[in-house]
2 protein chains.
Amino acid sequence: MELRQLRSFVTLVESDFNVSQAAERLHLVQPAVSQHLRQLEDELGVRLFRRRGKRLLGLNEVGDKVLAYARAALTATGNIAAVGKDHAQEQTGVLRVAATHTQARYVLPSVVRRFSAEYPGVALEIHQGTPAQLIDMVVRDGVDLAVCTEGLDPHPALLAVPCYRWNRCLVAPEGHPVLACKPLTLDVLCAYPVITYVFGFTGRGNMSDTFSREGLRPHVVLGAVDTDVIKTYVREGLGIGIIADMAYQPDHDADLARRDLSHLFPWEVTKIAHLRNKYLRGFQQRFIDVFQAETAGLGQVGRGPKTG
Amino acid sequence: MELRQLRSFVTLVESDFNVSQAAERLHLVQPAVSQHLRQLEDELGVRLFRRRGKRLLGLNEVGDKVLAYARAALTATGNIAAVGKDHAQEQTGVLRVAATHTQARYVLPSVVRRFSAEYPGVALEIHQGTPAQLIDMVVRDGVDLAVCTEGLDPHPALLAVPCYRWNRCLVAPEGHPVLACKPLTLDVLCAYPVITYVFGFTGRGNMSDTFSREGLRPHVVLGAVDTDVIKTYVREGLGIGIIADMAYQPDHDADLARRDLSHLFPWEVTKIAHLRNKYLRGFQQRFIDVFQAETAGLGQVGRGPKTG
DNA sequence: AGAATTTACGCGGTCCGTAACCATG
DNA sequence: CATGGTTACGGACCGCGTAAATTCT
């Protein structure tokens, strides 16, 4: 059994059982991949695929088991290579991070600035997607780290390290009547058209739950994945905005008044997730540290709320 | 990176960093193994060994990390091969079991009889050793399963499945004065010379603890690893025997009187341990089942005591 | 001096690319 | 007939064994 056979096998599965496509991804010609698969089946003495004629349709029961171990073997060898690079060329490499728009736009910039100053030789890739996509990317090893607030609790292959806590704030144009209301309650928020995130993004789930537990239904006139969009429509006078507190930028958003809402909604915890079995290079570990340090002002996990 | 390089690397470590010896174990010549090691170091761009001149003395820090992942890779590929064999030749293979003398002599025979009837094509190897050696064998993958009663609680690489509970009994020649004592207490046992197991064997630890908790010290005139030896000396009149209950064989030991001692000592649990990350072939799993079934009469874990 | 490791070299095997040949929808 | 897979074949590479050179105890 050879590693290249396992690589062909795994790549084939990830290429929808299209041998030609797998070959291309592996920078090989198609007959080579076919041979690897045949060698693997011959050596094991078992068929691994469901077939119709020459076409491969999917894995059979044996193939499923083999796939899991093949992935484990390739992960292990990948780790060995990473350990090598980590000691041979400490300061160079690639760091692939996935994050939602809110994180990428408002939290990561300062982290990246500090990290890049420390590791000028490390190429950073910031990928963006929905929370579900982030999980998927990191599970498929399409990225090294994913900055997640929601949706990763159940996955056994991932390890999530908590980084900081945050909550929402209200934004409204100066002079808006809602700003006069004291105290701010859920009822008050329901009295105005609301602009906030769509479901599944930036804590929208927990927010909606809070309303419905009180038997309230806010009038959400617009849902966005992107805080910039929310702010824009708030400025247009379409409604009041409920956004993640760290997305309010005093320098640029002085025309919008902010009111803390942490007394109304549960705290969200933003974590960094990575594959449990994968070796993290020194600078990848360090990125997590820097992330935690840079977000310390926002609210450290396990300490009192601080949403300056 | 090639699997054969990793194999050479791991084998070298397990051969006390003697390249020639590693080569022999791998059925290769020595320069071949040297080349593998050099290729590995060259490709990773890092030294993996502590050296004095050409001699290899041990691993350095990097080598340690690489070793762990190399083992993981080889385990994974081994698992793939096992899955293959498991489906291609269900009924044939090798099963290597390690056990202490007591288990091998008194518990395993009926298990083996039943198992072998079911799998005539499976070659059984019964290895014997001290409890510490059993753990070591299974951790180093020198055996597939280890039948253990003590000393495996802490090891993270192992999985132990509980099989049955047992306790001790007293054996003495017919007519011995101790047999007249009712009830049998710890004090009574201390009144006579005792023959039992040495420390670390067959529950001797828990037995001694029970005495010392009561401030008692039995007069152990002979410690053995082997119940047959204990019985022999009891027959010679050297003292009373305290042995594992399942080691009393009514057919052969009719000349020795037995008294249950389960009211005096804690129950012991015998488990079968195997490597957590290793694929167990069908018949290996089945051996565990058969073991549990055959020992059910002795005392099932989680049910009431039954030491018929 | 002897044991252990590295260097040198050549043969055999095999990996993969090219090209021609089949199957399926 | 186009897309996708297998069979056939040859050149280049490389893994390993033999043998000589080198280094450490």
# chains A, B, ... in the order shown; residues from 1 in each chain; ligands from 1
$ interface_residues --of "chain D" --to "chain A" --cutoff "9 Å" --atoms "only C-alpha atoms (C1' of nucleotides)" --output "PyMOL selection string"
chain D and resi 4-6
$ closest_atom_pairs --of "chain C" --to "range 14-22 of chain D" --cutoff "9 Å" --atoms "only C-alpha atoms (C1' of nucleotides)" --output "tab-separated table"
residue	atom	partner	partner_atom	distance
C:DT5	C1'	D:DT22	C1'	8.3
C:DT6	C1'	D:DT22	C1'	7.1
C:DT7	C1'	D:DA21	C1'	7.1
C:DA8	C1'	D:DA20	C1'	8.0
C:DG13	C1'	D:DG15	C1'	8.7
C:DT14	C1'	D:DC14	C1'	9.0
$ residues_around --residues "DG10 in chain D" --least-positions-apart "6" --cutoff "12 Å" --atoms "only C-alpha atoms (C1' of nucleotides)" --output "PyMOL selection string"
chain C and resi 15-19
$ write_last_selection --atoms "N, CA and C atoms (P, O5', C5', C4', C3', O3' and C1' of nucleotides)" --output "PDB file, in the first residue's frame"
ATOM      1  P    DC C  15       4.508   1.337  -8.567  1.00  0.00           P
ATOM      2  O5'  DC C  15       4.454   2.928  -8.613  1.00  0.00           O
ATOM      3  C5'  DC C  15       5.674   3.654  -8.550  1.00  0.00           C
ATOM      4  C4'  DC C  15       5.668   4.782  -9.585  1.00  0.00           C
ATOM      5  C3'  DC C  15       4.275   5.268  -9.982  1.00  0.00           C
ATOM      6  O3'  DC C  15       4.242   6.685  -9.946  1.00  0.00           O
ATOM      7  C1'  DC C  15       5.514   4.728 -11.905  1.00  0.00           C
ATOM      8  P    DC C  16       2.877   7.470 -10.063  1.00  0.00           P
ATOM      9  O5'  DC C  16       2.928   8.099 -11.517  1.00  0.00           O
ATOM     10  C5'  DC C  16       4.048   8.894 -11.890  1.00  0.00           C
ATOM     11  C4'  DC C  16       4.068   9.063 -13.386  1.00  0.00           C
ATOM     12  C3'  DC C  16       2.727   9.519 -13.979  1.00  0.00           C
ATOM     13  O3'  DC C  16       2.975  10.525 -14.934  1.00  0.00           O
ATOM     14  C1'  DC C  16       3.469   7.601 -15.079  1.00  0.00           C
ATOM     15  P    DG C  17       1.864  11.619 -15.202  1.00  0.00           P
ATOM     16  O5'  DG C  17       2.159  11.975 -16.716  1.00  0.00           O
ATOM     17  C5'  DG C  17       3.503  12.103 -17.159  1.00  0.00           C
ATOM     18  C4'  DG C  17       3.600  11.640 -18.603  1.00  0.00           C
ATOM     19  C3'  DG C  17       2.416  12.055 -19.471  1.00  0.00           C
ATOM     20  O3'  DG C  17       2.846  12.615 -20.699  1.00  0.00           O
ATOM     21  C1'  DG C  17       2.713   9.713 -19.578  1.00  0.00           C
ATOM     22  P    DT C  18       1.787  13.210 -21.732  1.00  0.00           P
ATOM     23  O5'  DT C  18       1.781  12.209 -22.961  1.00  0.00           O
ATOM     24  C5'  DT C  18       3.016  11.723 -23.487  1.00  0.00           C
ATOM     25  C4'  DT C  18       2.740  10.639 -24.523  1.00  0.00           C
ATOM     26  C3'  DT C  18       1.602  10.946 -25.492  1.00  0.00           C
ATOM     27  O3'  DT C  18       2.039  10.676 -26.825  1.00  0.00           O
ATOM     28  C1'  DT C  18       1.263   8.835 -24.471  1.00  0.00           C
ATOM     29  P    DA C  19       1.055  11.021 -28.068  1.00  0.00           P
ATOM     30  O5'  DA C  19       0.295   9.650 -28.306  1.00  0.00           O
ATOM     31  C5'  DA C  19       1.050   8.437 -28.383  1.00  0.00           C
ATOM     32  C4'  DA C  19       0.106   7.254 -28.564  1.00  0.00           C
ATOM     33  C3'  DA C  19      -1.138   7.564 -29.413  1.00  0.00           C
ATOM     34  O3'  DA C  19      -1.329   6.528 -30.356  1.00  0.00           O
ATOM     35  C1'  DA C  19      -1.765   6.587 -27.392  1.00  0.00           C
TER      36       DA C  19
END
$ select_by_dssp --residues "range 128-283 of chain A" --states "alpha helix (DSSP H)" --output "ChimeraX atom specification"
/A:131-139,186-190,204-213,227-235,282-283
$ closest_atom_pairs --of "chain A" --to "chain B" --cutoff "12 Å" --atoms "only C-alpha atoms" --output "Markdown table"
| residue | atom | partner | partner_atom | distance |
| --- | --- | --- | --- | --- |
| A:Met1 | CA | B:Thr77 | CA | 7.7 |
| A:Glu2 | CA | B:Leu3 | CA | 6.7 |
| A:Leu3 | CA | B:Glu2 | CA | 6.7 |
| A:Arg4 | CA | B:Glu2 | CA | 8.8 |
| A:Gln5 | CA | B:Thr77 | CA | 11.2 |
| A:Leu6 | CA | B:Thr77 | CA | 9.1 |
| A:Leu40 | CA | B:Gly84 | CA | 9.7 |
| A:Glu41 | CA | B:Gly84 | CA | 8.6 |
| A:Asp42 | CA | B:Gly84 | CA | 9.8 |
| A:Glu43 | CA | B:Gly84 | CA | 8.3 |
| A:Leu44 | CA | B:Gly84 | CA | 4.6 |
| A:Gly45 | CA | B:Ala88 | CA | 5.6 |
| A:Val46 | CA | B:Ala88 | CA | 5.9 |
| A:Arg47 | CA | B:Gly84 | CA | 9.1 |
| A:Leu48 | CA | B:Gly84 | CA | 9.4 |
| A:Asn60 | CA | B:His87 | CA | 12.0 |
| A:Glu61 | CA | B:His87 | CA | 10.1 |
| A:Val62 | CA | B:Val83 | CA | 7.3 |
| A:Gly63 | CA | B:Val83 | CA | 9.3 |
| A:Asp64 | CA | B:Val83 | CA | 10.4 |
| A:Lys65 | CA | B:Val83 | CA | 7.4 |
| A:Val66 | CA | B:Ile80 | CA | 5.5 |
| A:Leu67 | CA | B:Ile80 | CA | 8.6 |
| A:Ala68 | CA | B:Ala76 | CA | 8.8 |
| A:Tyr69 | CA | B:Ala76 | CA | 5.1 |
| A:Ala70 | CA | B:Ala76 | CA | 6.7 |
| A:Arg71 | CA | B:Ala76 | CA | 8.5 |
| A:Ala72 | CA | B:Ala76 | CA | 6.1 |
| A:Ala73 | CA | B:Ala73 | CA | 4.3 |
| A:Leu74 | CA | B:Ala73 | CA | 7.2 |
| A:Thr75 | CA | B:Ala73 | CA | 7.9 |
| A:Ala76 | CA | B:Tyr69 | CA | 5.1 |
| A:Thr77 | CA | B:Ala73 | CA | 6.4 |
| A:Gly78 | CA | B:Tyr69 | CA | 9.0 |
| A:Asn79 | CA | B:Tyr69 | CA | 6.7 |
| A:Ile80 | CA | B:Val66 | CA | 5.5 |
| A:Ala81 | CA | B:Leu44 | CA | 6.2 |
| A:Ala82 | CA | B:Leu44 | CA | 8.5 |
| A:Val83 | CA | B:Val66 | CA | 7.0 |
| A:Gly84 | CA | B:Leu44 | CA | 4.6 |
| A:Lys85 | CA | B:Leu44 | CA | 6.6 |
| A:Asp86 | CA | B:Leu44 | CA | 9.5 |
| A:His87 | CA | B:Val46 | CA | 6.8 |
| A:Ala88 | CA | B:Gly45 | CA | 5.7 |
| A:Gln89 | CA | B:Gly45 | CA | 8.7 |
| A:Glu90 | CA | B:Val46 | CA | 11.4 |
| A:Asn277 | CA | B:Tyr69 | CA | 9.9 |
| A:Lys278 | CA | B:Tyr69 | CA | 10.0 |
| A:Tyr279 | CA | B:Tyr69 | CA | 9.3 |
$ write_last_selection --atoms "N, CA and C atoms" --output "compact mmCIF listing (two decimals), in the first residue's frame"
# COMPACT_ATOMS: atom_id res chain seq x y z
N MET A 1 0.84 -1.20 0.00
CA MET A 1 0.00 0.00 0.00
C MET A 1 0.88 1.26 0.00
N GLU A 2 0.55 2.18 -0.84
CA GLU A 2 1.34 3.41 -0.96
C GLU A 2 0.48 4.62 -0.67
N LEU A 3 1.14 5.66 -0.18
CA LEU A 3 0.41 6.87 0.14
C LEU A 3 -0.27 7.45 -1.10
N ARG A 4 0.40 7.33 -2.25
CA ARG A 4 -0.20 7.93 -3.44
C ARG A 4 -1.51 7.23 -3.80
N GLN A 5 -1.59 5.94 -3.49
CA GLN A 5 -2.87 5.25 -3.74
C GLN A 5 -3.96 5.81 -2.84
N LEU A 6 -3.62 6.05 -1.60
CA LEU A 6 -4.60 6.62 -0.68
C LEU A 6 -4.98 8.03 -1.10
N LEU A 40 -5.09 -0.62 -5.16
CA LEU A 40 -5.62 -0.62 -3.79
C LEU A 40 -6.63 -1.75 -3.62
N GLU A 41 -7.57 -1.84 -4.53
CA GLU A 41 -8.58 -2.89 -4.44
C GLU A 41 -7.94 -4.28 -4.54
N ASP A 42 -6.98 -4.42 -5.45
CA ASP A 42 -6.34 -5.72 -5.62
C ASP A 42 -5.61 -6.14 -4.34
N GLU A 43 -4.88 -5.19 -3.79
CA GLU A 43 -4.08 -5.54 -2.62
C GLU A 43 -4.97 -5.89 -1.43
N LEU A 44 -6.05 -5.14 -1.28
CA LEU A 44 -6.96 -5.43 -0.17
C LEU A 44 -7.81 -6.65 -0.46
N GLY A 45 -7.96 -6.95 -1.74
CA GLY A 45 -8.77 -8.11 -2.10
C GLY A 45 -10.26 -7.87 -1.99
N VAL A 46 -10.65 -6.61 -2.01
CA VAL A 46 -12.06 -6.26 -1.86
C VAL A 46 -12.40 -5.10 -2.79
N ARG A 47 -13.63 -5.11 -3.29
CA ARG A 47 -14.12 -3.95 -4.03
C ARG A 47 -14.43 -2.84 -3.04
N LEU A 48 -14.13 -1.60 -3.43
CA LEU A 48 -14.38 -0.46 -2.54
C LEU A 48 -15.53 0.42 -3.04
N ASN A 60 -18.84 1.59 -1.32
CA ASN A 60 -19.64 0.59 -0.63
C ASN A 60 -19.25 0.61 0.85
N GLU A 61 -19.75 -0.36 1.59
CA GLU A 61 -19.54 -0.36 3.03
C GLU A 61 -18.05 -0.42 3.40
N VAL A 62 -17.33 -1.27 2.68
CA VAL A 62 -15.90 -1.38 2.95
C VAL A 62 -15.19 -0.07 2.63
N GLY A 63 -15.56 0.50 1.50
CA GLY A 63 -14.95 1.75 1.08
C GLY A 63 -15.10 2.84 2.13
N ASP A 64 -16.24 2.87 2.77
CA ASP A 64 -16.48 3.86 3.81
C ASP A 64 -15.45 3.75 4.92
N LYS A 65 -15.26 2.53 5.38
CA LYS A 65 -14.30 2.33 6.47
C LYS A 65 -12.90 2.71 6.02
N VAL A 66 -12.54 2.24 4.81
CA VAL A 66 -11.19 2.52 4.31
C VAL A 66 -10.99 4.03 4.18
N LEU A 67 -12.02 4.72 3.73
CA LEU A 67 -11.90 6.17 3.55
C LEU A 67 -11.49 6.85 4.85
N ALA A 68 -12.13 6.46 5.93
CA ALA A 68 -11.84 7.10 7.22
C ALA A 68 -10.37 6.91 7.59
N TYR A 69 -9.87 5.68 7.41
CA TYR A 69 -8.48 5.43 7.78
C TYR A 69 -7.52 6.08 6.79
N ALA A 70 -7.91 6.12 5.54
CA ALA A 70 -7.05 6.76 4.54
C ALA A 70 -6.88 8.23 4.89
N ARG A 71 -7.98 8.86 5.27
CA ARG A 71 -7.89 10.27 5.67
C ARG A 71 -6.98 10.42 6.87
N ALA A 72 -7.12 9.50 7.82
CA ALA A 72 -6.27 9.57 9.02
C ALA A 72 -4.80 9.47 8.64
N ALA A 73 -4.50 8.55 7.72
CA ALA A 73 -3.11 8.38 7.31
C ALA A 73 -2.58 9.64 6.64
N LEU A 74 -3.39 10.24 5.78
CA LEU A 74 -2.93 11.43 5.07
C LEU A 74 -2.81 12.62 6.02
N THR A 75 -3.72 12.70 6.97
CA THR A 75 -3.60 13.77 7.97
C THR A 75 -2.29 13.61 8.72
N ALA A 76 -1.99 12.38 9.12
CA ALA A 76 -0.77 12.14 9.89
C ALA A 76 0.47 12.52 9.09
N THR A 77 0.53 12.11 7.82
CA THR A 77 1.70 12.47 7.03
C THR A 77 1.75 13.98 6.78
N GLY A 78 0.59 14.57 6.60
CA GLY A 78 0.55 16.03 6.47
C GLY A 78 1.10 16.70 7.72
N ASN A 79 0.77 16.14 8.87
CA ASN A 79 1.28 16.69 10.12
C ASN A 79 2.79 16.60 10.20
N ILE A 80 3.31 15.48 9.72
CA ILE A 80 4.77 15.34 9.74
C ILE A 80 5.42 16.43 8.89
N ALA A 81 4.87 16.63 7.72
CA ALA A 81 5.40 17.69 6.86
C ALA A 81 5.30 19.05 7.55
N ALA A 82 4.19 19.28 8.24
CA ALA A 82 4.01 20.57 8.91
C ALA A 82 5.01 20.74 10.04
N VAL A 83 5.25 19.67 10.80
CA VAL A 83 6.26 19.74 11.87
C VAL A 83 7.61 20.11 11.27
N GLY A 84 7.94 19.49 10.14
CA GLY A 84 9.20 19.79 9.48
C GLY A 84 9.30 21.26 9.12
N LYS A 85 8.31 21.74 8.39
CA LYS A 85 8.33 23.15 7.99
C LYS A 85 8.38 24.06 9.20
N ASP A 86 7.69 23.65 10.24
CA ASP A 86 7.60 24.49 11.43
C ASP A 86 8.97 24.73 12.04
N HIS A 87 9.86 23.76 11.89
CA HIS A 87 11.18 23.92 12.48
C HIS A 87 12.23 24.35 11.47
N ALA A 88 11.96 24.08 10.18
CA ALA A 88 12.94 24.44 9.17
C ALA A 88 12.74 25.89 8.73
N GLN A 89 11.50 26.26 8.55
CA GLN A 89 11.20 27.63 8.11
C GLN A 89 10.10 28.20 8.99
N GLU A 90 10.51 28.48 10.22
CA GLU A 90 9.56 28.94 11.22
C GLU A 90 8.66 30.08 10.75
N ASN A 277 -7.30 16.79 14.84
CA ASN A 277 -6.19 15.89 14.55
C ASN A 277 -5.07 16.53 13.75
N LYS A 278 -5.25 17.78 13.43
CA LYS A 278 -4.25 18.41 12.58
C LYS A 278 -3.25 19.20 13.41
N TYR A 279 -1.99 19.05 13.03
CA TYR A 279 -0.93 19.80 13.70
C TYR A 279 -1.03 21.26 13.31
$ select_by_dssp --residues "range 20-247 of chain A" --states "strand (DSSP E or B)" --output "ChimeraX atom specification"
/A:49-52,55-59,93-99,122-128,145-148,158-166,168-173,193-197,219-224,240-244
$ residues_around --residues "Met207 in chain A" --least-positions-apart "5" --cutoff "9 Å" --atoms "only C-alpha atoms (C1' of nucleotides)" --output "ChimeraX atom specification"
/A:168,212,265-266
$ residues_around --residues "Glu268 in chain B" --least-positions-apart "3" --cutoff "12 Å" --atoms "only C-alpha atoms (C1' of nucleotides)" --output "PyMOL selection string"
chain B and resi 148-151+162-168+201-207+244-246+262+265+271+298-301+305
$ write_last_selection --atoms "N, CA and C atoms" --output "PDB file, in the first residue's frame"
ATOM      1  N   CYS B 148      -6.853  -8.350  31.385  1.00  0.00           N
ATOM      2  CA  CYS B 148      -6.242  -7.681  32.521  1.00  0.00           C
ATOM      3  C   CYS B 148      -7.214  -7.541  33.672  1.00  0.00           C
ATOM      4  N   THR B 149      -6.716  -7.685  34.874  1.00  0.00           N
ATOM      5  CA  THR B 149      -7.531  -7.355  36.027  1.00  0.00           C
ATOM      6  C   THR B 149      -7.041  -6.066  36.681  1.00  0.00           C
ATOM      7  N   GLU B 150      -5.755  -5.816  36.596  1.00  0.00           N
ATOM      8  CA  GLU B 150      -5.239  -4.643  37.290  1.00  0.00           C
ATOM      9  C   GLU B 150      -4.285  -3.851  36.427  1.00  0.00           C
ATOM     10  N   GLY B 151      -4.053  -2.628  36.868  1.00  0.00           N
ATOM     11  CA  GLY B 151      -2.948  -1.844  36.340  1.00  0.00           C
ATOM     12  C   GLY B 151      -3.160  -1.224  34.986  1.00  0.00           C
ATOM     13  N   PRO B 162     -14.999  -4.169  30.274  1.00  0.00           N
ATOM     14  CA  PRO B 162     -15.176  -5.025  31.446  1.00  0.00           C
ATOM     15  C   PRO B 162     -15.879  -6.315  31.047  1.00  0.00           C
ATOM     16  N   CYS B 163     -15.443  -7.431  31.644  1.00  0.00           N
ATOM     17  CA  CYS B 163     -15.996  -8.726  31.237  1.00  0.00           C
ATOM     18  C   CYS B 163     -16.679  -9.484  32.373  1.00  0.00           C
ATOM     19  N   TYR B 164     -16.009  -9.643  33.481  1.00  0.00           N
ATOM     20  CA  TYR B 164     -16.658 -10.354  34.580  1.00  0.00           C
ATOM     21  C   TYR B 164     -16.018  -9.970  35.909  1.00  0.00           C
ATOM     22  N   ARG B 165     -16.755 -10.269  36.998  1.00  0.00           N
ATOM     23  CA  ARG B 165     -16.227  -9.961  38.327  1.00  0.00           C
ATOM     24  C   ARG B 165     -15.905 -11.258  39.037  1.00  0.00           C
ATOM     25  N   TRP B 166     -14.926 -11.181  39.912  1.00  0.00           N
ATOM     26  CA  TRP B 166     -14.582 -12.369  40.674  1.00  0.00           C
ATOM     27  C   TRP B 166     -14.056 -11.947  42.039  1.00  0.00           C
ATOM     28  N   ASN B 167     -13.962 -12.933  42.941  1.00  0.00           N
ATOM     29  CA  ASN B 167     -13.413 -12.672  44.257  1.00  0.00           C
ATOM     30  C   ASN B 167     -12.580 -13.887  44.667  1.00  0.00           C
ATOM     31  N   ARG B 168     -12.148 -13.896  45.893  1.00  0.00           N
ATOM     32  CA  ARG B 168     -11.249 -14.978  46.309  1.00  0.00           C
ATOM     33  C   ARG B 168     -11.998 -16.076  47.050  1.00  0.00           C
ATOM     34  N   PHE B 201      -0.140  -9.331  41.167  1.00  0.00           N
ATOM     35  CA  PHE B 201      -0.792 -10.434  40.456  1.00  0.00           C
ATOM     36  C   PHE B 201      -2.158 -10.745  41.048  1.00  0.00           C
ATOM     37  N   THR B 202      -3.116 -10.977  40.157  1.00  0.00           N
ATOM     38  CA  THR B 202      -4.378 -11.593  40.520  1.00  0.00           C
ATOM     39  C   THR B 202      -4.985 -10.996  41.795  1.00  0.00           C
ATOM     40  N   GLY B 203      -5.003  -9.666  41.824  1.00  0.00           N
ATOM     41  CA  GLY B 203      -5.716  -8.993  42.904  1.00  0.00           C
ATOM     42  C   GLY B 203      -5.008  -8.995  44.238  1.00  0.00           C
ATOM     43  N   ARG B 204      -3.736  -9.309  44.246  1.00  0.00           N
ATOM     44  CA  ARG B 204      -3.018  -9.314  45.515  1.00  0.00           C
ATOM     45  C   ARG B 204      -3.022  -7.926  46.161  1.00  0.00           C
ATOM     46  N   GLY B 205      -2.925  -6.877  45.319  1.00  0.00           N
ATOM     47  CA  GLY B 205      -2.899  -5.519  45.845  1.00  0.00           C
ATOM     48  C   GLY B 205      -4.124  -5.204  46.691  1.00  0.00           C
ATOM     49  N   ASN B 206      -5.296  -5.381  46.113  1.00  0.00           N
ATOM     50  CA  ASN B 206      -6.531  -5.080  46.842  1.00  0.00           C
ATOM     51  C   ASN B 206      -6.685  -5.954  48.080  1.00  0.00           C
ATOM     52  N   MET B 207      -6.195  -7.183  48.004  1.00  0.00           N
ATOM     53  CA  MET B 207      -6.301  -8.082  49.140  1.00  0.00           C
ATOM     54  C   MET B 207      -5.476  -7.548  50.308  1.00  0.00           C
ATOM     55  N   ALA B 244      -7.892 -16.975  43.605  1.00  0.00           N
ATOM     56  CA  ALA B 244      -9.041 -16.502  42.832  1.00  0.00           C
ATOM     57  C   ALA B 244     -10.041 -17.651  42.724  1.00  0.00           C
ATOM     58  N   ASP B 245     -11.316 -17.301  42.918  1.00  0.00           N
ATOM     59  CA  ASP B 245     -12.342 -18.342  42.999  1.00  0.00           C
ATOM     60  C   ASP B 245     -12.409 -19.201  41.745  1.00  0.00           C
ATOM     61  N   MET B 246     -12.224 -18.573  40.571  1.00  0.00           N
ATOM     62  CA  MET B 246     -12.358 -19.349  39.336  1.00  0.00           C
ATOM     63  C   MET B 246     -11.211 -20.328  39.148  1.00  0.00           C
ATOM     64  N   SER B 262     -15.899 -13.858  49.548  1.00  0.00           N
ATOM     65  CA  SER B 262     -16.323 -12.623  48.889  1.00  0.00           C
ATOM     66  C   SER B 262     -16.922 -11.617  49.866  1.00  0.00           C
ATOM     67  N   PHE B 265     -13.402  -9.434  50.906  1.00  0.00           N
ATOM     68  CA  PHE B 265     -12.543  -8.656  50.003  1.00  0.00           C
ATOM     69  C   PHE B 265     -13.362  -7.969  48.913  1.00  0.00           C
ATOM     70  N   LYS B 271     -10.942  -7.291  32.653  1.00  0.00           N
ATOM     71  CA  LYS B 271     -11.306  -6.557  31.431  1.00  0.00           C
ATOM     72  C   LYS B 271     -10.457  -7.068  30.272  1.00  0.00           C
ATOM     73  N   LEU B 298     -19.435 -16.736  35.920  1.00  0.00           N
ATOM     74  CA  LEU B 298     -18.557 -16.366  37.027  1.00  0.00           C
ATOM     75  C   LEU B 298     -19.042 -15.108  37.717  1.00  0.00           C
ATOM     76  N   GLY B 299     -19.630 -14.221  36.970  1.00  0.00           N
ATOM     77  CA  GLY B 299     -20.097 -12.986  37.578  1.00  0.00           C
ATOM     78  C   GLY B 299     -20.060 -11.886  36.547  1.00  0.00           C
ATOM     79  N   GLN B 300     -21.260 -11.456  36.134  1.00  0.00           N
ATOM     80  CA  GLN B 300     -21.304 -10.426  35.114  1.00  0.00           C
ATOM     81  C   GLN B 300     -21.150  -9.069  35.763  1.00  0.00           C
ATOM     82  N   VAL B 301     -20.455  -8.225  35.083  1.00  0.00           N
ATOM     83  CA  VAL B 301     -20.262  -6.883  35.608  1.00  0.00           C
ATOM     84  C   VAL B 301     -21.594  -6.161  35.612  1.00  0.00           C
ATOM     85  N   PRO B 305     -23.408 -10.423  42.507  1.00  0.00           N
ATOM     86  CA  PRO B 305     -22.337 -11.405  42.600  1.00  0.00           C
ATOM     87  C   PRO B 305     -22.854 -12.823  42.454  1.00  0.00           C
TER      88      PRO B 305
END
$ atom_distance --atom1 "CA of Ile135 in chain A" --atom2 "CA of Leu152 in chain A"
6.7 Å
$ residues_around --residues "Thr102 in chain B" --least-positions-apart "3" --cutoff "10 Å" --atoms "only C-alpha atoms (C1' of nucleotides)" --output "list in words"
Ala99, Arg105, Tyr106, Val107, Leu108, Gln128, Phe201, Thr202, Val225, Asp226, Thr227, Asp228, Ile243, Ala244, Met246 and Ala247 of chain B
$ atom_distance --atom1 "CA of Arg7 in chain B" --atom2 "CA of Leu158 in chain B"
22.1 Å
